[in-house]
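Below: one structure, written as structure tokens.
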Protein chains: 2
Amino acid sequence: MKAYADRTLAELLEELKQVQARYDALKGMGMSLNMARGKPGTEQLDLNRPMMDILKSDSDYTCDGIDVRNYGNLEGLPACQRLFAEILGVKPENIFVGGSASLTLMYDVISKCYTHGRGLGCEPWCRLEKVRWLCPAPGYDRHFSISESFGMEMVTIPMTPQGPDMDLVEELIRDPSVKGMWCVPKYSNPDGIVYSDETVRRIAAMKPAAPDFLLMWDNAYCVHEFASEYRPFPDILSACAENGNADMVFEFASTSKITFPGAGVSCFACSENNMARMKKLLNVQMISYNKVNQLLHVRYLKDKEGVLALMRRHAEILGPKFKCVLESLEKEIAPVGIATWEKPVGGYFVSVNTMPGIAMATWQLCKDAGLTLTKAGATYPYGKDPKDSNMRIAPSLPPVEQLEKAMEIYCVSMKLAALRKLTAV
Amino acid sequence: MKAYADRTLAELLEELKQVQARYDALKGMGMSLNMARGKPGTEQLDLNRPMMDILKSDSDYTCDGIDVRNYGNLEGLPACQRLFAEILGVKPENIFVGGSASLTLMYDVISKCYTHGRGLGCEPWCRLEKVRWLCPAPGYDRHFSISESFGMEMVTIPMTPQGPDMDLVEELIRDPSVKGMWCVPKYSNPDGIVYSDETVRRIAAMKPAAPDFLLMWDNAYCVHEFASEYRPFPDILSACAENGNADMVFEFASTSKITFPGAGVSCFACSENNMARMKKLLNVQMISYNKVNQLLHVRYLKDKEGVLALMRRHAEILGPKFKCVLESLEKEIAPVGIATWEKPVGGYFVSVNTMPGIAMATWQLCKDAGLTLTKAGATYPYGKDPKDSNMRIAPSLPPVEQLEKAMEIYCVSMKLAALRKLTAV
């Protein structure tokens with residue numbers, strides 16, 4: 001089969017006719033499928049049903065000498081701090097346990113930079129003319145929404161196979177109005193890239209002109225392999241500390257894709273200084289997060305090995321879904337050469353880069369045919385992909401039987417969009 | 001027995017000797033009692049043990065067609081919106097379900113006023129020279145801490161038996177830099193006062209000069225009778241709406257003192273306009289709060305009548321504790337006339353007003369003898385009670401057997417502080 005780029009106009013018009021017919025047939029099936037958000041599927045949620053038998057009416061609700069049902073312990077149950085500390089490779093006192101969402105912790109850290117400042121002798125950001133923020137892209141739309149909500153000027157940093165383009169980062173941080181950067185260092189959202197050791201080294205060694213530069217290290221997929229053995233990752237807290245940058249970083253994690261999305265526990269990890277400051281500010285905002293749920297997670301997950309064992313069971317479910325997506329792309333798209341894509345072994349997404357100018361059209365065709373994907377452009381700041389090329393596929397939610405159909409719609413839609421563009425005179 | 005005010009110096013000195021001896025004896029017993037925070041006692045927590053049997057491994061986790069274990073539904077489970085709506089007397093669409101803490105929701109509403117503004121065509125408060133805030137006092141220290149954290153200039157509004165002094169409030173709101181007021185309208189913290197219908201009417205009918213004036217209606221004790229039948233309360237949302245002030249108010253509630261403190265569910269209630277704005281802003285901050293815990297509470301509490309039935313059981317435990325406190329005060333303090341106090345029938349506190357100038361000394365004497373109370377001054381903005389008189393007693397935590405001893409320490413300490421002051425030459 002010839003790549004579309006190598007075909008004549010006549011060949012392309014003939015292909016267009018056939019692909020249009022396939023598309024119309026698929027559309028006519030009236031399907032409704034969602035591959036837009038990284039939502040675990042029902043089978044994955046059901047893995048955790050046994051968790052709900054752990055706390056009963058006659059259970060012991062004390063842990064570390066604390067009755068978890070009552071007020072107290074702002075930073076969380078010590079046993080939960082220990083669990084997250086083991087997972088992230090930091091010390092328990094570096095851990096602050098949050099509610100069910102790391103997103104909320106991230107938002108809160110940034111919000112306080114605006115209202116109260118970073119506490120490093122610097123002004124609250126609400127007093128500044130301009131705050132610029134580095135956004136490796138393709139990236140996570142909810143990160144970008146936070147930046148946009150606070151009026152930051154977002155600067156796209158192209159992703160490379162090793163992580164963000166560090167030459168560009170090191171150049172840009174010489175501007176003191178550049179106040180931070182979003183990173184998803186392991187199985188980045190959406191590319192599934194693992195930052196190389198060299199990238200992590202350069203990030204930890206940054207010397208930003210802004211003394212209150214904030215490295216937001218969202219380790220959302222730190223244990224989320226689906227086609228690989230567990231891969232250890234660097235401890236960003238000590239890497240930064242070794243470079244005199246202990247207070248530069250906040251790291252985030254959650255059990256949303258381990259136990260229940262929106263009903264698990266989350267944390268941030270940071271230096272001693274940052275922790276003292278955050279506790280002082282957070283003490284005004286809350287008494288403590290839900291310690292009953294923290295106890296539940298501690299008794300269920302037990303320790304890092306318990307978490308990894310559970311993640312292997314998640315992988316048994318997710319692996320075939322990703323395999324289906326990648327095989328469909330290999331079979332339908334690779335031969336016609338209209339896109340490239342990452343082949344992740346962890347995380348929640350497949351990132352596809354179509355030929356420029358057809359991502360939005362592909363997205364719309366999918367939508368019209370009953371397949372909802374993440375909106376084209378969402379993986380870039382301001383929802384604007386300058387190349388109209390990147391598309392994020394989230395295979396986790398649909399059952400694997402529906403995935404083949406979904407991928408058929410996707411591939412046919414992409415071909416249709418490509419052919420329309422290539423044959424437009 | 002003569003009131004201290006009617007005794008001679010010689011009589012007071014004799015009394016001082018005796019009271020000092022009692023104090024030293026009590027101190028020598030080396031007790032450790034806490035009546036500082038409104039924390040439910042263990043017996044109350046144990047009332048809710050059956051709740052933990054409701055959700056099991058084989059339970060149905062769908063509600064209103066939603067799998068509560070997965071992401072989604074920013075404003076909360078519809079069934080939980082309905083539950084809070086019934087309790088507060090509003091419509092489900094007026095309800096936003098939060099996490100375990102109404103305090104956090106209150107903080108968030110105010111924080112967004114600072115970072116994003118109220119959305120009524122007014123500037124974010126971070127851009128203003130000055131924000132003034134009305135603080136009925138005695139009041140709740142955690143409210144005042146929020147105001148102080150954001151740099152508000154707090155203005156004390158004396159409490160009357162009907163609620164805040166509305167003459168003063170109506171005068172002060174003519175200043176457009178006065179941006180809001182804290183209210184605990186039913187069983188106010190700490191006085192236990194229920195705002196009169198006239199007070200509520202005047203509050204709802206306020207015409208603040210600030211178009212973005214924010215009435216923070218913390219209905220923390222809306223169903224928290226312990227020595228009375230349930231007492232219905234006005235619906236502040238419709239009262240404000242009837243006065244053209246629909247967007248002025250945010251109302252708050254939580255199940256912290258119904259089920260588990262720090263592990264229940266909370267909500268705010270507000271107008272349609274406010275809800276649309278908050279959802280837009282909160283959508284950036286979270287995906288949703290913990291819907292598994294919301295489902296648990298819906299299935300356990302069932303409806304308003306279910307909540308009231310549970311609260312009657314709480315009252316069986318709390319009633320005797322308050323009775324002990326009030327009887328001790330009546331027996332030891334009333335005859336010597338060195339304090340007055342409210343006699344609440346609901347809420348979590350007894351508010352005592354000592355003769356001026358001895359509250360802090362009393363607090364310290366208690367502390368030294370092993371009884372921790374809320375710090376004197378805490379019930380006023382900036383922790384400064386101008387009369388050094390108000391003291392907040394929280395009877396809920398200790399078992400009733402310990403309360404008698406705790407009240408003995410309290411009464412003896414107060415007498416000692418009073419006598420030292422009265423005999424100081």
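Labeling convention for the structure tokens: chains A, B, ... as they appear, residues from 1 per chain, ligands from 1 in order of appearance.
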
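Near chain B, counting only C-alpha atoms at 6 Å, the chain A residues are Arg49, Pro50, Met52, Asp53, Lys56, Ser57, Arg69, Asn70, Tyr71, Leu103, Thr104, Tyr107, Ile146, Phe260, Pro261, Gly262, Ala263, Val284, Gln285, Met286 and Asn290 of chain A.
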
Within 12 Å of B:Tyr4, counting only C-alpha atoms, which residues show up once you throw out same-chain ones fewer than 3 positions away? Write them as an mmCIF file with all heavy atoms, in the first residue's frame, please.
```
data_model
loop_
_atom_site.group_PDB
_atom_site.id
_atom_site.type_symbol
_atom_site.label_atom_id
_atom_site.label_comp_id
_atom_site.auth_asym_id
_atom_site.auth_seq_id
_atom_site.Cartn_x
_atom_site.Cartn_y
_atom_site.Cartn_z
ATOM 1 N N MET B 1 -24.693 33.063 100.559
ATOM 2 C CA MET B 1 -23.336 33.422 100.121
ATOM 3 C C MET B 1 -23.353 34.774 99.430
ATOM 4 O O MET B 1 -24.203 35.055 98.592
ATOM 5 C CB MET B 1 -22.813 32.351 99.145
ATOM 6 C CG MET B 1 -21.326 32.534 98.845
ATOM 7 S SD MET B 1 -20.680 31.373 97.613
ATOM 8 C CE MET B 1 -21.051 29.793 98.354
ATOM 9 N N ARG B 7 -18.354 41.844 99.165
ATOM 10 C CA ARG B 7 -17.538 41.437 100.303
ATOM 11 C C ARG B 7 -16.474 42.489 100.626
ATOM 12 O O ARG B 7 -16.041 43.244 99.748
ATOM 13 C CB ARG B 7 -16.862 40.094 100.054
ATOM 14 C CG ARG B 7 -17.871 38.972 99.810
ATOM 15 C CD ARG B 7 -17.220 37.611 99.820
ATOM 16 N NE ARG B 7 -18.123 36.607 99.235
ATOM 17 C CZ ARG B 7 -17.905 35.293 99.275
ATOM 18 N NH1 ARG B 7 -16.817 34.811 99.859
ATOM 19 N NH2 ARG B 7 -18.766 34.473 98.704
ATOM 20 N N THR B 8 -16.041 42.460 101.865
ATOM 21 C CA THR B 8 -14.958 43.347 102.271
ATOM 22 C C THR B 8 -13.636 42.771 101.797
ATOM 23 O O THR B 8 -13.539 41.592 101.439
ATOM 24 C CB THR B 8 -14.887 43.468 103.800
ATOM 25 O OG1 THR B 8 -14.514 42.185 104.332
ATOM 26 C CG2 THR B 8 -16.232 43.892 104.388
ATOM 27 N N LEU B 9 -12.608 43.614 101.866
ATOM 28 C CA LEU B 9 -11.281 43.154 101.466
ATOM 29 C C LEU B 9 -10.846 41.974 102.322
ATOM 30 O O LEU B 9 -10.302 40.978 101.835
ATOM 31 C CB LEU B 9 -10.272 44.309 101.560
ATOM 32 C CG LEU B 9 -8.828 43.952 101.152
ATOM 33 C CD1 LEU B 9 -8.751 43.440 99.724
ATOM 34 C CD2 LEU B 9 -7.905 45.181 101.327
ATOM 35 N N ALA B 10 -11.110 42.070 103.588
ATOM 36 C CA ALA B 10 -10.715 40.982 104.502
ATOM 37 C C ALA B 10 -11.412 39.681 104.115
ATOM 38 O O ALA B 10 -10.803 38.602 104.112
ATOM 39 C CB ALA B 10 -11.054 41.374 105.926
ATOM 40 N N GLU B 11 -12.695 39.791 103.797
ATOM 41 C CA GLU B 11 -13.444 38.588 103.413
ATOM 42 C C GLU B 11 -12.881 38.011 102.131
ATOM 43 O O GLU B 11 -12.756 36.791 101.969
ATOM 44 C CB GLU B 11 -14.932 38.940 103.228
ATOM 45 C CG GLU B 11 -15.673 39.194 104.546
ATOM 46 C CD GLU B 11 -17.084 39.752 104.324
ATOM 47 O OE1 GLU B 11 -17.301 40.503 103.337
ATOM 48 O OE2 GLU B 11 -17.974 39.444 105.136
ATOM 49 N N LEU B 12 -12.513 38.918 101.210
ATOM 50 C CA LEU B 12 -11.976 38.458 99.929
ATOM 51 C C LEU B 12 -10.622 37.770 100.134
ATOM 52 O O LEU B 12 -10.333 36.736 99.510
ATOM 53 C CB LEU B 12 -11.833 39.632 98.961
ATOM 54 C CG LEU B 12 -13.150 40.216 98.433
ATOM 55 C CD1 LEU B 12 -12.897 41.500 97.650
ATOM 56 C CD2 LEU B 12 -13.896 39.212 97.567
ATOM 57 N N LEU B 13 -9.802 38.335 101.020
ATOM 58 C CA LEU B 13 -8.487 37.735 101.264
ATOM 59 C C LEU B 13 -8.635 36.349 101.875
ATOM 60 O O LEU B 13 -7.876 35.427 101.558
ATOM 61 C CB LEU B 13 -7.639 38.656 102.151
ATOM 62 C CG LEU B 13 -7.109 39.900 101.438
ATOM 63 C CD1 LEU B 13 -6.608 40.951 102.432
ATOM 64 C CD2 LEU B 13 -5.983 39.522 100.467
ATOM 65 N N GLU B 14 -9.604 36.209 102.769
ATOM 66 C CA GLU B 14 -9.867 34.892 103.375
ATOM 67 C C GLU B 14 -10.313 33.918 102.298
ATOM 68 O O GLU B 14 -9.857 32.767 102.221
ATOM 69 C CB GLU B 14 -10.931 35.048 104.452
ATOM 70 C CG GLU B 14 -11.306 33.733 105.153
ATOM 71 C CD GLU B 14 -10.091 32.983 105.730
ATOM 72 O OE1 GLU B 14 -9.159 33.638 106.249
ATOM 73 O OE2 GLU B 14 -10.061 31.736 105.638
ATOM 74 N N GLU B 15 -11.222 34.372 101.444
ATOM 75 C CA GLU B 15 -11.728 33.518 100.354
ATOM 76 C C GLU B 15 -10.572 33.133 99.422
ATOM 77 O O GLU B 15 -10.474 31.984 98.986
ATOM 78 C CB GLU B 15 -12.822 34.275 99.584
ATOM 79 C CG GLU B 15 -13.353 33.562 98.344
ATOM 80 C CD GLU B 15 -14.389 32.488 98.625
ATOM 81 O OE1 GLU B 15 -14.505 32.057 99.797
ATOM 82 O OE2 GLU B 15 -15.082 32.076 97.680
ATOM 83 N N LEU B 16 -9.698 34.108 99.168
ATOM 84 C CA LEU B 16 -8.560 33.854 98.283
ATOM 85 C C LEU B 16 -7.712 32.710 98.811
ATOM 86 O O LEU B 16 -7.307 31.807 98.074
ATOM 87 C CB LEU B 16 -7.718 35.140 98.168
ATOM 88 C CG LEU B 16 -6.386 35.056 97.390
ATOM 89 C CD1 LEU B 16 -6.567 34.533 95.983
ATOM 90 C CD2 LEU B 16 -5.712 36.436 97.355
ATOM 91 N N ILE B 333 -20.440 29.609 90.549
ATOM 92 C CA ILE B 333 -20.130 30.952 90.066
ATOM 93 C C ILE B 333 -21.283 31.927 90.291
ATOM 94 O O ILE B 333 -21.071 33.072 90.714
ATOM 95 C CB ILE B 333 -19.752 30.913 88.575
ATOM 96 C CG1 ILE B 333 -18.523 30.011 88.359
ATOM 97 C CG2 ILE B 333 -19.497 32.317 88.038
ATOM 98 C CD1 ILE B 333 -17.269 30.460 89.102
ATOM 99 N N ALA B 334 -22.490 31.484 90.044
ATOM 100 C CA ALA B 334 -23.643 32.399 90.169
ATOM 101 C C ALA B 334 -23.677 33.084 91.536
ATOM 102 O O ALA B 334 -23.869 34.304 91.605
ATOM 103 C CB ALA B 334 -24.929 31.649 89.889
ATOM 104 N N PRO B 335 -23.491 32.333 92.632
ATOM 105 C CA PRO B 335 -23.582 32.985 93.938
ATOM 106 C C PRO B 335 -22.560 34.095 94.142
ATOM 107 O O PRO B 335 -22.825 35.046 94.889
ATOM 108 C CB PRO B 335 -23.335 31.838 94.929
ATOM 109 C CG PRO B 335 -23.608 30.600 94.163
ATOM 110 C CD PRO B 335 -23.246 30.894 92.757
ATOM 111 N N VAL B 336 -21.400 33.973 93.524
ATOM 112 C CA VAL B 336 -20.374 35.005 93.775
ATOM 113 C C VAL B 336 -20.373 36.081 92.691
ATOM 114 O O VAL B 336 -19.596 37.036 92.750
ATOM 115 C CB VAL B 336 -18.969 34.381 93.943
ATOM 116 C CG1 VAL B 336 -18.948 33.476 95.170
ATOM 117 C CG2 VAL B 336 -18.543 33.617 92.705
ATOM 118 N N GLY B 337 -21.235 35.939 91.705
ATOM 119 C CA GLY B 337 -21.507 37.014 90.763
ATOM 120 C C GLY B 337 -20.327 37.487 89.946
ATOM 121 O O GLY B 337 -20.246 38.663 89.594
ATOM 122 N N ILE B 338 -19.387 36.597 89.598
ATOM 123 C CA ILE B 338 -18.208 37.042 88.856
ATOM 124 C C ILE B 338 -18.281 36.706 87.369
ATOM 125 O O ILE B 338 -17.320 36.915 86.632
ATOM 126 C CB ILE B 338 -16.899 36.452 89.441
ATOM 127 C CG1 ILE B 338 -16.973 34.914 89.490
ATOM 128 C CG2 ILE B 338 -16.620 37.052 90.820
ATOM 129 C CD1 ILE B 338 -15.639 34.262 89.842
ATOM 130 N N ALA B 339 -19.425 36.202 86.920
ATOM 131 C CA ALA B 339 -19.577 35.932 85.478
ATOM 132 C C ALA B 339 -21.043 35.785 85.138
ATOM 133 O O ALA B 339 -21.879 35.515 86.009
ATOM 134 C CB ALA B 339 -18.832 34.660 85.083
ATOM 135 N N MET B 355 -16.168 38.704 84.825
ATOM 136 C CA MET B 355 -15.943 40.132 85.098
ATOM 137 C C MET B 355 -14.746 40.557 84.250
ATOM 138 O O MET B 355 -13.849 39.734 83.981
ATOM 139 C CB MET B 355 -15.703 40.383 86.580
ATOM 140 C CG MET B 355 -14.461 39.724 87.138
ATOM 141 S SD MET B 355 -14.233 40.047 88.907
ATOM 142 C CE MET B 355 -12.917 41.260 88.832
ATOM 143 N N LYS B 415 -12.523 31.826 90.039
ATOM 144 C CA LYS B 415 -12.620 32.474 91.349
ATOM 145 C C LYS B 415 -11.245 32.998 91.759
ATOM 146 O O LYS B 415 -11.120 34.130 92.265
ATOM 147 C CB LYS B 415 -13.128 31.490 92.391
ATOM 148 C CG LYS B 415 -14.624 31.259 92.338
ATOM 149 C CD LYS B 415 -15.020 30.113 93.247
ATOM 150 C CE LYS B 415 -16.315 30.420 93.963
ATOM 151 N NZ LYS B 415 -16.806 29.243 94.730
ATOM 152 N N LEU B 416 -10.218 32.188 91.541
ATOM 153 C CA LEU B 416 -8.866 32.590 91.918
ATOM 154 C C LEU B 416 -8.445 33.829 91.145
ATOM 155 O O LEU B 416 -7.914 34.803 91.733
ATOM 156 C CB LEU B 416 -7.905 31.424 91.665
ATOM 157 C CG LEU B 416 -6.463 31.591 92.142
ATOM 158 C CD1 LEU B 416 -6.396 31.981 93.618
ATOM 159 C CD2 LEU B 416 -5.674 30.286 91.913
ATOM 160 N N ALA B 418 -10.375 36.046 89.773
ATOM 161 C CA ALA B 418 -11.202 37.179 90.206
ATOM 162 C C ALA B 418 -10.702 37.723 91.539
ATOM 163 O O ALA B 418 -10.541 38.934 91.718
ATOM 164 C CB ALA B 418 -12.658 36.735 90.326
ATOM 165 N N LEU B 419 -10.432 36.813 92.468
ATOM 166 C CA LEU B 419 -10.003 37.235 93.795
ATOM 167 C C LEU B 419 -8.656 37.931 93.740
ATOM 168 O O LEU B 419 -8.436 38.931 94.447
ATOM 169 C CB LEU B 419 -9.948 36.010 94.733
ATOM 170 C CG LEU B 419 -11.316 35.490 95.132
ATOM 171 C CD1 LEU B 419 -11.232 34.058 95.648
ATOM 172 C CD2 LEU B 419 -11.949 36.401 96.192
ATOM 173 N N ARG B 420 -7.754 37.418 92.922
ATOM 174 C CA ARG B 420 -6.442 38.075 92.799
ATOM 175 C C ARG B 420 -6.610 39.494 92.289
ATOM 176 O O ARG B 420 -5.962 40.423 92.758
ATOM 177 C CB ARG B 420 -5.545 37.278 91.851
ATOM 178 C CG ARG B 420 -4.958 36.035 92.495
ATOM 179 C CD ARG B 420 -4.138 35.206 91.498
ATOM 180 N NE ARG B 420 -3.495 34.065 92.154
ATOM 181 C CZ ARG B 420 -2.776 33.156 91.496
ATOM 182 N NH1 ARG B 420 -2.616 33.251 90.179
ATOM 183 N NH2 ARG B 420 -2.226 32.160 92.161
ATOM 184 N N LYS B 421 -7.519 39.657 91.336
ATOM 185 C CA LYS B 421 -7.729 40.990 90.763
ATOM 186 C C LYS B 421 -8.398 41.911 91.791
ATOM 187 O O LYS B 421 -7.999 43.054 91.972
ATOM 188 C CB LYS B 421 -8.598 40.889 89.510
ATOM 189 C CG LYS B 421 -8.738 42.218 88.762
ATOM 190 C CD LYS B 421 -9.386 42.031 87.402
ATOM 191 C CE LYS B 421 -9.716 43.361 86.768
ATOM 192 N NZ LYS B 421 -8.508 44.120 86.371
ATOM 193 N N LEU B 422 -9.385 41.349 92.480
ATOM 194 C CA LEU B 422 -10.147 42.183 93.416
ATOM 195 C C LEU B 422 -9.325 42.575 94.631
ATOM 196 O O LEU B 422 -9.599 43.600 95.264
ATOM 197 C CB LEU B 422 -11.415 41.433 93.864
ATOM 198 C CG LEU B 422 -12.487 41.277 92.790
ATOM 199 C CD1 LEU B 422 -13.549 40.266 93.235
ATOM 200 C CD2 LEU B 422 -13.133 42.617 92.466
ATOM 201 N N THR B 423 -8.325 41.744 94.991
ATOM 202 C CA THR B 423 -7.534 42.043 96.188
ATOM 203 C C THR B 423 -6.195 42.686 95.835
ATOM 204 O O THR B 423 -5.403 42.997 96.741
ATOM 205 C CB THR B 423 -7.246 40.755 96.996
ATOM 206 O OG1 THR B 423 -6.533 39.828 96.168
ATOM 207 C CG2 THR B 423 -8.540 40.124 97.481
#
```

*Within 10 Å of A:Gly370 using only C-alpha atoms, minus same-chain residues under 6 positions, as a PyMOL selection string*: chain A and resi 26-34+364+406+409

Selection from above, all heavy atoms, as an mmCIF file, in the first residue's frame, can you write it?
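So result-v9.cif came out as:
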```cif
data_model
loop_
_atom_site.group_PDB
_atom_site.id
_atom_site.type_symbol
_atom_site.label_atom_id
_atom_site.label_comp_id
_atom_site.auth_asym_id
_atom_site.auth_seq_id
_atom_site.Cartn_x
_atom_site.Cartn_y
_atom_site.Cartn_z
ATOM 1 N N LEU A 26 -20.052 3.564 9.174
ATOM 2 C CA LEU A 26 -19.772 3.568 10.615
ATOM 3 C C LEU A 26 -20.694 4.551 11.335
ATOM 4 O O LEU A 26 -21.253 4.249 12.390
ATOM 5 C CB LEU A 26 -18.309 3.956 10.864
ATOM 6 C CG LEU A 26 -17.283 2.864 10.573
ATOM 7 C CD1 LEU A 26 -15.872 3.453 10.535
ATOM 8 C CD2 LEU A 26 -17.366 1.746 11.617
ATOM 9 N N LYS A 27 -20.857 5.727 10.719
ATOM 10 C CA LYS A 27 -21.713 6.748 11.341
ATOM 11 C C LYS A 27 -23.139 6.224 11.471
ATOM 12 O O LYS A 27 -23.816 6.450 12.480
ATOM 13 C CB LYS A 27 -21.682 8.019 10.489
ATOM 14 C CG LYS A 27 -22.408 9.201 11.119
ATOM 15 C CD LYS A 27 -22.166 10.480 10.305
ATOM 16 C CE LYS A 27 -23.001 11.624 10.890
ATOM 17 N NZ LYS A 27 -22.810 12.870 10.148
ATOM 18 N N GLY A 28 -23.554 5.501 10.465
ATOM 19 C CA GLY A 28 -24.903 4.970 10.456
ATOM 20 C C GLY A 28 -25.175 3.967 11.558
ATOM 21 O O GLY A 28 -26.326 3.650 11.858
ATOM 22 N N MET A 29 -24.114 3.435 12.170
ATOM 23 C CA MET A 29 -24.317 2.442 13.235
ATOM 24 C C MET A 29 -24.754 3.092 14.549
ATOM 25 O O MET A 29 -25.072 2.396 15.506
ATOM 26 C CB MET A 29 -23.036 1.633 13.424
ATOM 27 C CG MET A 29 -22.722 0.734 12.227
ATOM 28 S SD MET A 29 -21.074 -0.013 12.361
ATOM 29 C CE MET A 29 -21.380 -1.251 13.625
ATOM 30 N N GLY A 30 -24.740 4.436 14.582
ATOM 31 C CA GLY A 30 -25.257 5.159 15.747
ATOM 32 C C GLY A 30 -24.578 4.814 17.050
ATOM 33 O O GLY A 30 -25.228 4.668 18.088
ATOM 34 N N MET A 31 -23.269 4.699 17.040
ATOM 35 C CA MET A 31 -22.556 4.332 18.272
ATOM 36 C C MET A 31 -22.312 5.527 19.182
ATOM 37 O O MET A 31 -22.438 6.686 18.767
ATOM 38 C CB MET A 31 -21.234 3.676 17.911
ATOM 39 C CG MET A 31 -21.422 2.217 17.500
ATOM 40 S SD MET A 31 -19.869 1.480 17.013
ATOM 41 C CE MET A 31 -19.592 2.344 15.472
ATOM 42 N N SER A 32 -21.987 5.230 20.421
ATOM 43 C CA SER A 32 -21.671 6.286 21.392
ATOM 44 C C SER A 32 -20.525 5.795 22.256
ATOM 45 O O SER A 32 -20.716 4.979 23.151
ATOM 46 C CB SER A 32 -22.903 6.582 22.241
ATOM 47 O OG SER A 32 -22.613 7.616 23.153
ATOM 48 N N LEU A 33 -19.347 6.258 21.939
ATOM 49 C CA LEU A 33 -18.139 5.779 22.631
ATOM 50 C C LEU A 33 -17.326 6.969 23.131
ATOM 51 O O LEU A 33 -17.325 8.025 22.497
ATOM 52 C CB LEU A 33 -17.288 4.958 21.641
ATOM 53 C CG LEU A 33 -18.001 3.751 21.030
ATOM 54 C CD1 LEU A 33 -17.321 3.327 19.728
ATOM 55 C CD2 LEU A 33 -17.994 2.594 22.019
ATOM 56 N N ASN A 34 -16.672 6.783 24.266
ATOM 57 C CA ASN A 34 -15.906 7.892 24.839
ATOM 58 C C ASN A 34 -14.470 7.489 25.122
ATOM 59 O O ASN A 34 -14.208 6.569 25.905
ATOM 60 C CB ASN A 34 -16.578 8.378 26.129
ATOM 61 C CG ASN A 34 -16.027 9.717 26.566
ATOM 62 O OD1 ASN A 34 -14.830 9.888 26.747
ATOM 63 N ND2 ASN A 34 -16.905 10.692 26.725
ATOM 64 N N GLN A 364 -13.717 16.265 14.887
ATOM 65 C CA GLN A 364 -15.119 16.551 14.571
ATOM 66 C C GLN A 364 -15.785 15.376 13.875
ATOM 67 O O GLN A 364 -16.926 15.011 14.192
ATOM 68 C CB GLN A 364 -15.229 17.808 13.710
ATOM 69 C CG GLN A 364 -16.656 18.315 13.557
ATOM 70 C CD GLN A 364 -17.254 18.766 14.889
ATOM 71 O OE1 GLN A 364 -16.691 19.591 15.596
ATOM 72 N NE2 GLN A 364 -18.399 18.200 15.258
ATOM 73 N N ALA A 406 -14.181 1.641 18.075
ATOM 74 C CA ALA A 406 -13.783 3.030 18.285
ATOM 75 C C ALA A 406 -12.575 3.378 17.421
ATOM 76 O O ALA A 406 -12.529 4.436 16.775
ATOM 77 C CB ALA A 406 -13.489 3.271 19.760
ATOM 78 N N ILE A 409 -13.492 3.859 13.802
ATOM 79 C CA ILE A 409 -14.019 5.210 13.574
ATOM 80 C C ILE A 409 -12.876 6.213 13.528
ATOM 81 O O ILE A 409 -12.813 7.087 12.648
ATOM 82 C CB ILE A 409 -15.021 5.611 14.670
ATOM 83 C CG1 ILE A 409 -16.253 4.712 14.621
ATOM 84 C CG2 ILE A 409 -15.419 7.080 14.528
ATOM 85 C CD1 ILE A 409 -17.245 4.960 15.757
#
```

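With only C-alpha atoms taken into account, the protein and nucleic acid residues at most 7 Å from stretch 174-181 of chain A (excluding it and anything under 4 positions from it in its own chain) are Lys130, Val131, Arg132, Trp133, Leu134, Cys135, Pro208, Ala209, Ala210, Asp212, Phe213, Leu214, Leu215 and Met216 of chain A.
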
Counting only C-alpha atoms, which residues in stretch 148-201 of chain A sit no more than 12 Å from stretch 227-238 of chain A? For each one, give the nearest pair of atoms and the distance in Å, sorted by chain then residue number, as a Markdown table.
```
| residue | atom | partner | partner_atom | distance |
| --- | --- | --- | --- | --- |
| A:Cys183 | CA | A:Ile236 | CA | 11.3 |
| A:Val184 | CA | A:Ile236 | CA | 11.9 |
| A:Pro185 | CA | A:Phe233 | CA | 8.8 |
| A:Lys186 | CA | A:Phe233 | CA | 7.6 |
| A:Tyr187 | CA | A:Arg231 | CA | 10.7 |
| A:Gly192 | CA | A:Ala227 | CA | 11.9 |
| A:Val194 | CA | A:Phe233 | CA | 8.9 |
| A:Tyr195 | CA | A:Phe233 | CA | 9.2 |
| A:Ser196 | CA | A:Phe233 | CA | 9.7 |
| A:Asp197 | CA | A:Pro234 | CA | 7.7 |
| A:Glu198 | CA | A:Pro234 | CA | 10.9 |
| A:Thr199 | CA | A:Pro234 | CA | 11.0 |
| A:Val200 | CA | A:Ile236 | CA | 7.7 |
| A:Arg201 | CA | A:Ile236 | CA | 9.0 |
```

Go ahead and dump the residues you just picked, C-alpha atoms, as a compact mmCIF listing (two decimals), in the first residue's frame.
```txt
# COMPACT_ATOMS: atom_id res chain seq x y z
CA CYS A 183 5.98 18.61 34.45
CA VAL A 184 4.55 15.11 34.23
CA PRO A 185 7.90 13.34 34.43
CA LYS A 186 6.89 9.69 34.12
CA TYR A 187 4.58 8.66 31.28
CA GLY A 192 3.80 8.73 27.66
CA VAL A 194 9.65 9.22 30.65
CA TYR A 195 12.00 12.13 31.27
CA SER A 196 15.58 10.99 30.79
CA ASP A 197 18.04 11.12 33.69
CA GLU A 198 19.83 13.95 31.89
CA THR A 199 16.59 15.96 31.63
CA VAL A 200 15.85 15.45 35.30
CA ARG A 201 19.41 16.47 36.14
```
